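Engineer: My questions all concern the structure below.
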Amino acid sequence: MKKTNFLLSLVAVLLLMSSCGNKTVYTEQIDFSNNIWNRFDKKNIKIPFTSDDVIVDISIAVKYNNDLQYNNVAMYAILTLPSGEERFREIHVPINRILDKKIEADSVYKAQAFLWKGVNISEEGTGNLEIENMIPYFETKGIKQLTVEVLKSGSDD
């Protein structure tokens with residue numbers, strides 16, 4: 001009986017400790033049918049910000065396969081915050097099949113880059129992130145998924 005109570009207490013403490021360190025504010029994945037991202041297929045992501053006065057980092061990850069024939073994935077991003085502030089950025093996520101993390105057996109890789117670091121969220125509400133493919137061809141083959149992740153910045157710990 002004492003062992004059971006001790007084990008349950010230990011599990012509860014470990015769960016509590018693991019939840020305290022969670023820095024993820026929001027994550028969304030966008031899958032592409034047939035692993036193709038069309039040039040003018042803009043992706044819109046609604047990001048809920050449930051607290052104000054928080055500083056966040058926003059990153060994007062690209063899952064791709066060997067059909068992708070480019071050294072980077074060029075994107076244009078527009079972030080609209082709940083306060084109405086807008087931020088614009090062109091980003092080139094570098095593709096390197098040697099250094100990027102191979103995540104699936106069928107040669108699927110993951111490349112990641114920060115869109116913005118240290119974004120101050122001054123109001124609660126919903127933000128919007130629009131991402132546009134900037135590769136100058138109608139179809140970009142080999143892109144399997146985009147993942148946008150919003151994390152509490154290390155500067156507000």
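Scheme for the structure tokens: letters A, B, ... for chains in order shown; per-chain residue numbers from 1; ligand numbers from 1 in order shown.
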Determine, counting only C-alpha atoms, which protein, DNA and RNA residues have an atom within 8 Å of an atom of range 50-60 of chain A; residues of the same chain fewer than 5 positions away are not included. Present the result as a PyMOL selection string.

Structural biologist: chain A and resi 112-125+146-153+155-156

Engineer: Asn96 in chain A: which residues within 8 Å, counting only C-alpha atoms, same-chain residues fewer than 3 positions away excluded, as a list in words?

Structural biologist: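 Everything that qualifies: Asn71, Leu99, Asp100 and Ala111 of chain A.
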
Engineer: Mind dumping the selected residues with N, CA, C and O atoms as a PDB file, in the first residue's frame?

Structural biologist:
ATOM      1  N   ASN A  71      17.503  24.822 -52.719  1.00  0.00           N
ATOM      2  CA  ASN A  71      18.388  24.901 -51.558  1.00  0.00           C
ATOM      3  C   ASN A  71      17.752  25.635 -50.388  1.00  0.00           C
ATOM      4  O   ASN A  71      18.300  25.657 -49.294  1.00  0.00           O
ATOM      5  N   LEU A  99      22.409  17.986 -43.066  1.00  0.00           N
ATOM      6  CA  LEU A  99      22.290  18.514 -41.706  1.00  0.00           C
ATOM      7  C   LEU A  99      20.873  18.462 -41.145  1.00  0.00           C
ATOM      8  O   LEU A  99      20.696  18.387 -39.931  1.00  0.00           O
ATOM      9  N   ASP A 100      19.856  18.540 -42.011  1.00  0.00           N
ATOM     10  CA  ASP A 100      18.484  18.524 -41.535  1.00  0.00           C
ATOM     11  C   ASP A 100      18.147  17.168 -40.932  1.00  0.00           C
ATOM     12  O   ASP A 100      18.672  16.140 -41.346  1.00  0.00           O
ATOM     13  N   ALA A 111      13.379  20.926 -41.802  1.00  0.00           N
ATOM     14  CA  ALA A 111      14.206  22.128 -41.681  1.00  0.00           C
ATOM     15  C   ALA A 111      13.399  23.160 -40.903  1.00  0.00           C
ATOM     16  O   ALA A 111      12.173  23.234 -41.045  1.00  0.00           O
TER      17      ALA A 111
END

Engineer: What parts of chain A does DSSP call helix (DSSP H, G or I)? I'd like the answer as an mmCIF file with all heavy atoms, in the first residue's frame.

Structural biologist:
data_model
loop_
_atom_site.group_PDB
_atom_site.id
_atom_site.type_symbol
_atom_site.label_atom_id
_atom_site.label_comp_id
_atom_site.auth_asym_id
_atom_site.auth_seq_id
_atom_site.Cartn_x
_atom_site.Cartn_y
_atom_site.Cartn_z
ATOM 1 N N LYS A 2 1.932 1.257 0.806
ATOM 2 C CA LYS A 2 2.817 2.412 0.865
ATOM 3 C C LYS A 2 3.538 2.603 -0.464
ATOM 4 O O LYS A 2 3.741 3.734 -0.907
ATOM 5 C CB LYS A 2 3.827 2.263 2.002
ATOM 6 C CG LYS A 2 3.231 2.486 3.363
ATOM 7 C CD LYS A 2 4.310 2.441 4.422
ATOM 8 C CE LYS A 2 3.708 2.682 5.794
ATOM 9 N NZ LYS A 2 4.716 2.740 6.833
ATOM 10 N N LYS A 3 3.927 1.475 -1.107
ATOM 11 C CA LYS A 3 4.599 1.571 -2.401
ATOM 12 C C LYS A 3 3.678 2.189 -3.447
ATOM 13 O O LYS A 3 4.089 3.020 -4.254
ATOM 14 C CB LYS A 3 5.049 0.188 -2.887
ATOM 15 C CG LYS A 3 6.370 -0.258 -2.349
ATOM 16 C CD LYS A 3 6.780 -1.541 -3.022
ATOM 17 C CE LYS A 3 8.139 -1.974 -2.530
ATOM 18 N NZ LYS A 3 8.586 -3.212 -3.150
ATOM 19 N N THR A 4 2.424 1.781 -3.450
ATOM 20 C CA THR A 4 1.451 2.298 -4.409
ATOM 21 C C THR A 4 1.250 3.792 -4.208
ATOM 22 O O THR A 4 1.245 4.558 -5.169
ATOM 23 C CB THR A 4 0.110 1.556 -4.279
ATOM 24 O OG1 THR A 4 0.343 0.166 -4.403
ATOM 25 C CG2 THR A 4 -0.871 2.013 -5.336
ATOM 26 N N ASN A 5 1.078 4.212 -2.950
ATOM 27 C CA ASN A 5 0.903 5.638 -2.665
ATOM 28 C C ASN A 5 2.141 6.432 -3.064
ATOM 29 O O ASN A 5 2.036 7.529 -3.608
ATOM 30 C CB ASN A 5 0.600 5.864 -1.177
ATOM 31 C CG ASN A 5 -0.815 5.447 -0.817
ATOM 32 O OD1 ASN A 5 -1.663 5.319 -1.689
ATOM 33 N ND2 ASN A 5 -1.052 5.225 0.459
ATOM 34 N N PHE A 6 3.313 5.876 -2.795
ATOM 35 C CA PHE A 6 4.557 6.543 -3.151
ATOM 36 C C PHE A 6 4.669 6.678 -4.670
ATOM 37 O O PHE A 6 5.019 7.741 -5.183
ATOM 38 C CB PHE A 6 5.765 5.774 -2.593
ATOM 39 C CG PHE A 6 7.079 6.345 -3.038
ATOM 40 C CD1 PHE A 6 7.554 7.525 -2.484
ATOM 41 C CD2 PHE A 6 7.818 5.722 -4.034
ATOM 42 C CE1 PHE A 6 8.751 8.068 -2.908
ATOM 43 C CE2 PHE A 6 9.016 6.268 -4.465
ATOM 44 C CZ PHE A 6 9.490 7.447 -3.896
ATOM 45 N N LEU A 7 4.358 5.609 -5.397
ATOM 46 C CA LEU A 7 4.435 5.651 -6.858
ATOM 47 C C LEU A 7 3.439 6.645 -7.446
ATOM 48 O O LEU A 7 3.768 7.399 -8.365
ATOM 49 C CB LEU A 7 4.222 4.266 -7.456
ATOM 50 C CG LEU A 7 5.379 3.280 -7.266
ATOM 51 C CD1 LEU A 7 4.995 1.903 -7.781
ATOM 52 C CD2 LEU A 7 6.620 3.781 -7.973
ATOM 53 N N LEU A 8 2.230 6.662 -6.923
ATOM 54 C CA LEU A 8 1.232 7.616 -7.400
ATOM 55 C C LEU A 8 1.673 9.051 -7.112
ATOM 56 O O LEU A 8 1.518 9.942 -7.959
ATOM 57 C CB LEU A 8 -0.127 7.343 -6.771
ATOM 58 C CG LEU A 8 -0.847 6.089 -7.253
ATOM 59 C CD1 LEU A 8 -2.112 5.849 -6.448
ATOM 60 C CD2 LEU A 8 -1.178 6.208 -8.726
ATOM 61 N N SER A 9 2.228 9.274 -5.946
ATOM 62 C CA SER A 9 2.721 10.608 -5.604
ATOM 63 C C SER A 9 3.863 11.019 -6.520
ATOM 64 O O SER A 9 3.938 12.162 -6.980
ATOM 65 C CB SER A 9 3.186 10.659 -4.144
ATOM 66 O OG SER A 9 2.127 10.379 -3.278
ATOM 67 N N LEU A 10 4.760 10.089 -6.797
ATOM 68 C CA LEU A 10 5.894 10.366 -7.666
ATOM 69 C C LEU A 10 5.430 10.710 -9.077
ATOM 70 O O LEU A 10 5.902 11.675 -9.696
ATOM 71 C CB LEU A 10 6.846 9.167 -7.690
ATOM 72 C CG LEU A 10 8.103 9.327 -8.530
ATOM 73 C CD1 LEU A 10 8.964 10.461 -7.975
ATOM 74 C CD2 LEU A 10 8.886 8.034 -8.566
ATOM 75 N N VAL A 11 4.487 9.942 -9.601
ATOM 76 C CA VAL A 11 3.950 10.200 -10.938
ATOM 77 C C VAL A 11 3.272 11.572 -10.977
ATOM 78 O O VAL A 11 3.454 12.345 -11.921
ATOM 79 C CB VAL A 11 2.980 9.074 -11.370
ATOM 80 C CG1 VAL A 11 2.203 9.466 -12.609
ATOM 81 C CG2 VAL A 11 3.743 7.779 -11.595
ATOM 82 N N ALA A 12 2.505 11.907 -9.953
ATOM 83 C CA ALA A 12 1.822 13.203 -9.908
ATOM 84 C C ALA A 12 2.827 14.354 -9.896
ATOM 85 O O ALA A 12 2.654 15.357 -10.588
ATOM 86 C CB ALA A 12 0.909 13.270 -8.691
ATOM 87 N N VAL A 13 3.880 14.216 -9.115
ATOM 88 C CA VAL A 13 4.906 15.268 -9.044
ATOM 89 C C VAL A 13 5.606 15.413 -10.388
ATOM 90 O O VAL A 13 5.844 16.527 -10.865
ATOM 91 C CB VAL A 13 5.913 14.965 -7.904
ATOM 92 C CG1 VAL A 13 7.130 15.866 -8.004
ATOM 93 C CG2 VAL A 13 5.244 15.124 -6.554
ATOM 94 N N LEU A 14 5.932 14.291 -11.034
ATOM 95 C CA LEU A 14 6.596 14.353 -12.339
ATOM 96 C C LEU A 14 5.707 15.004 -13.391
ATOM 97 O O LEU A 14 6.181 15.803 -14.206
ATOM 98 C CB LEU A 14 7.022 12.958 -12.788
ATOM 99 C CG LEU A 14 8.189 12.341 -11.998
ATOM 100 C CD1 LEU A 14 8.423 10.904 -12.441
ATOM 101 C CD2 LEU A 14 9.440 13.157 -12.156
ATOM 102 N N LEU A 15 4.427 14.687 -13.382
ATOM 103 C CA LEU A 15 3.499 15.319 -14.331
ATOM 104 C C LEU A 15 3.399 16.819 -14.081
ATOM 105 O O LEU A 15 3.386 17.616 -15.020
ATOM 106 C CB LEU A 15 2.115 14.674 -14.240
ATOM 107 C CG LEU A 15 1.973 13.295 -14.864
ATOM 108 C CD1 LEU A 15 0.609 12.705 -14.546
ATOM 109 C CD2 LEU A 15 2.178 13.362 -16.357
ATOM 110 N N LEU A 16 3.337 17.204 -12.823
ATOM 111 C CA LEU A 16 3.255 18.614 -12.480
ATOM 112 C C LEU A 16 4.516 19.350 -12.916
ATOM 113 O O LEU A 16 4.452 20.437 -13.487
ATOM 114 C CB LEU A 16 3.038 18.775 -10.969
ATOM 115 C CG LEU A 16 2.867 20.200 -10.456
ATOM 116 C CD1 LEU A 16 1.639 20.831 -11.080
ATOM 117 C CD2 LEU A 16 2.761 20.210 -8.948
ATOM 118 N N MET A 17 5.668 18.749 -12.678
ATOM 119 C CA MET A 17 6.930 19.376 -13.060
ATOM 120 C C MET A 17 7.052 19.510 -14.578
ATOM 121 O O MET A 17 7.531 20.521 -15.084
ATOM 122 C CB MET A 17 8.111 18.586 -12.498
ATOM 123 C CG MET A 17 8.282 18.749 -11.007
ATOM 124 S SD MET A 17 9.564 17.692 -10.319
ATOM 125 C CE MET A 17 10.983 18.156 -11.266
ATOM 126 N N SER A 18 6.613 18.493 -15.309
ATOM 127 C CA SER A 18 6.731 18.557 -16.769
ATOM 128 C C SER A 18 5.795 19.593 -17.358
ATOM 129 O O SER A 18 6.098 20.220 -18.362
ATOM 130 C CB SER A 18 6.479 17.183 -17.392
ATOM 131 O OG SER A 18 5.136 16.802 -17.205
ATOM 132 N N SER A 19 4.643 19.825 -16.758
ATOM 133 C CA SER A 19 3.708 20.813 -17.291
ATOM 134 C C SER A 19 4.154 22.234 -16.980
ATOM 135 O O SER A 19 3.828 23.162 -17.703
ATOM 136 C CB SER A 19 2.297 20.567 -16.757
ATOM 137 O OG SER A 19 2.260 20.813 -15.367
ATOM 138 N N CYS A 20 4.925 22.433 -15.916
ATOM 139 C CA CYS A 20 5.383 23.776 -15.562
ATOM 140 C C CYS A 20 6.387 24.318 -16.570
ATOM 141 O O CYS A 20 6.475 25.517 -16.774
ATOM 142 C CB CYS A 20 6.014 23.771 -14.169
ATOM 143 S SG CYS A 20 4.819 23.484 -12.861
ATOM 144 N N SER A 33 -1.521 18.257 -49.911
ATOM 145 C CA SER A 33 -1.887 17.059 -50.662
ATOM 146 C C SER A 33 -0.890 16.855 -51.797
ATOM 147 O O SER A 33 -0.431 17.819 -52.426
ATOM 148 C CB SER A 33 -3.313 17.182 -51.200
ATOM 149 O OG SER A 33 -3.407 18.273 -52.079
ATOM 150 N N ASN A 34 -0.535 15.639 -52.024
ATOM 151 C CA ASN A 34 0.435 15.244 -53.053
ATOM 152 C C ASN A 34 1.805 15.885 -52.871
ATOM 153 O O ASN A 34 2.572 15.978 -53.823
ATOM 154 C CB ASN A 34 -0.108 15.551 -54.452
ATOM 155 C CG ASN A 34 -1.388 14.820 -54.735
ATOM 156 O OD1 ASN A 34 -1.571 13.676 -54.351
ATOM 157 N ND2 ASN A 34 -2.320 15.509 -55.385
ATOM 158 N N ASN A 35 2.079 16.396 -51.673
ATOM 159 C CA ASN A 35 3.373 17.030 -51.366
ATOM 160 C C ASN A 35 3.694 18.184 -52.316
ATOM 161 O O ASN A 35 4.833 18.367 -52.729
ATOM 162 C CB ASN A 35 4.512 16.007 -51.373
ATOM 163 C CG ASN A 35 4.314 14.931 -50.330
ATOM 164 O OD1 ASN A 35 3.717 15.170 -49.295
ATOM 165 N ND2 ASN A 35 4.815 13.750 -50.602
ATOM 166 N N GLY A 154 12.503 32.890 -24.263
ATOM 167 C CA GLY A 154 13.388 32.639 -23.134
ATOM 168 C C GLY A 154 13.657 33.876 -22.319
ATOM 169 O O GLY A 154 14.058 33.799 -21.170
ATOM 170 N N SER A 155 13.388 35.056 -22.880
ATOM 171 C CA SER A 155 13.682 36.296 -22.174
ATOM 172 C C SER A 155 12.677 36.612 -21.081
ATOM 173 O O SER A 155 12.925 37.456 -20.246
ATOM 174 C CB SER A 155 13.731 37.453 -23.169
ATOM 175 O OG SER A 155 12.481 37.618 -23.796
ATOM 176 N N ASP A 156 11.492 35.927 -21.058
ATOM 177 C CA ASP A 156 10.540 36.251 -19.999
ATOM 178 C C ASP A 156 10.471 35.177 -18.931
ATOM 179 O O ASP A 156 9.566 35.162 -18.127
ATOM 180 C CB ASP A 156 9.151 36.559 -20.587
ATOM 181 C CG ASP A 156 8.337 35.321 -20.920
ATOM 182 O OD1 ASP A 156 8.888 34.216 -20.975
ATOM 183 O OD2 ASP A 156 7.132 35.468 -21.133
#

Engineer: DSSP on the backbone, then: every residue of range 31-144 of chain A marked strand (DSSP E or B), written as a count of residues only.

Structural biologist: 72

Engineer: Take CA of Trp37 in chain A and CA of Phe49 in chain A and report the distance between them in Å, one decimal.

Structural biologist: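 Distance reported for this atom pair: 27.9 Å.
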
Engineer: Residues within 9 Å of Ile143 in chain A, please, as a list in words. Count only C-alpha atoms; anything in the same chain fewer than 2 positions from it doesn't count.

Structural biologist: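 In the requested form, the answer reads Asp31, Phe32, Asn34, Asn35, Ile36, Trp37, Val62, Lys63, Tyr64, Asn65, Asp67, Leu68, Thr140, Lys141, Gln145 and Leu146 of chain A.
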
Engineer: So that I can see what lies close to Glu86 in chain A, please list as a list in words the residues with an atom at most 10 Å from it, counting only C-alpha atoms and leaving out residues fewer than 3 positions away in the same chain.

Structural biologist: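 Here the answer would be Ile78, Leu79, Thr80, Leu81, Pro82, Ser83, Gly127, Asn128 and Leu129 of chain A.
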
Engineer: Rounded to one decimal in Å, what is the spacing between CA of Ile95 in chain A and CA of Phe40 in chain A?

Structural biologist: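 If I compute the distance from CA of Ile95 in chain A to CA of Phe40 in chain A, I get 21.2 Å.
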
Engineer: Record the distance separating CA of Met75 in chain A and CA of Val108 in chain A, expressed in Å with one decimal.

Structural biologist: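 Interatomic distance, CA of Met75 in chain A to CA of Val108 in chain A: 19.9 Å.
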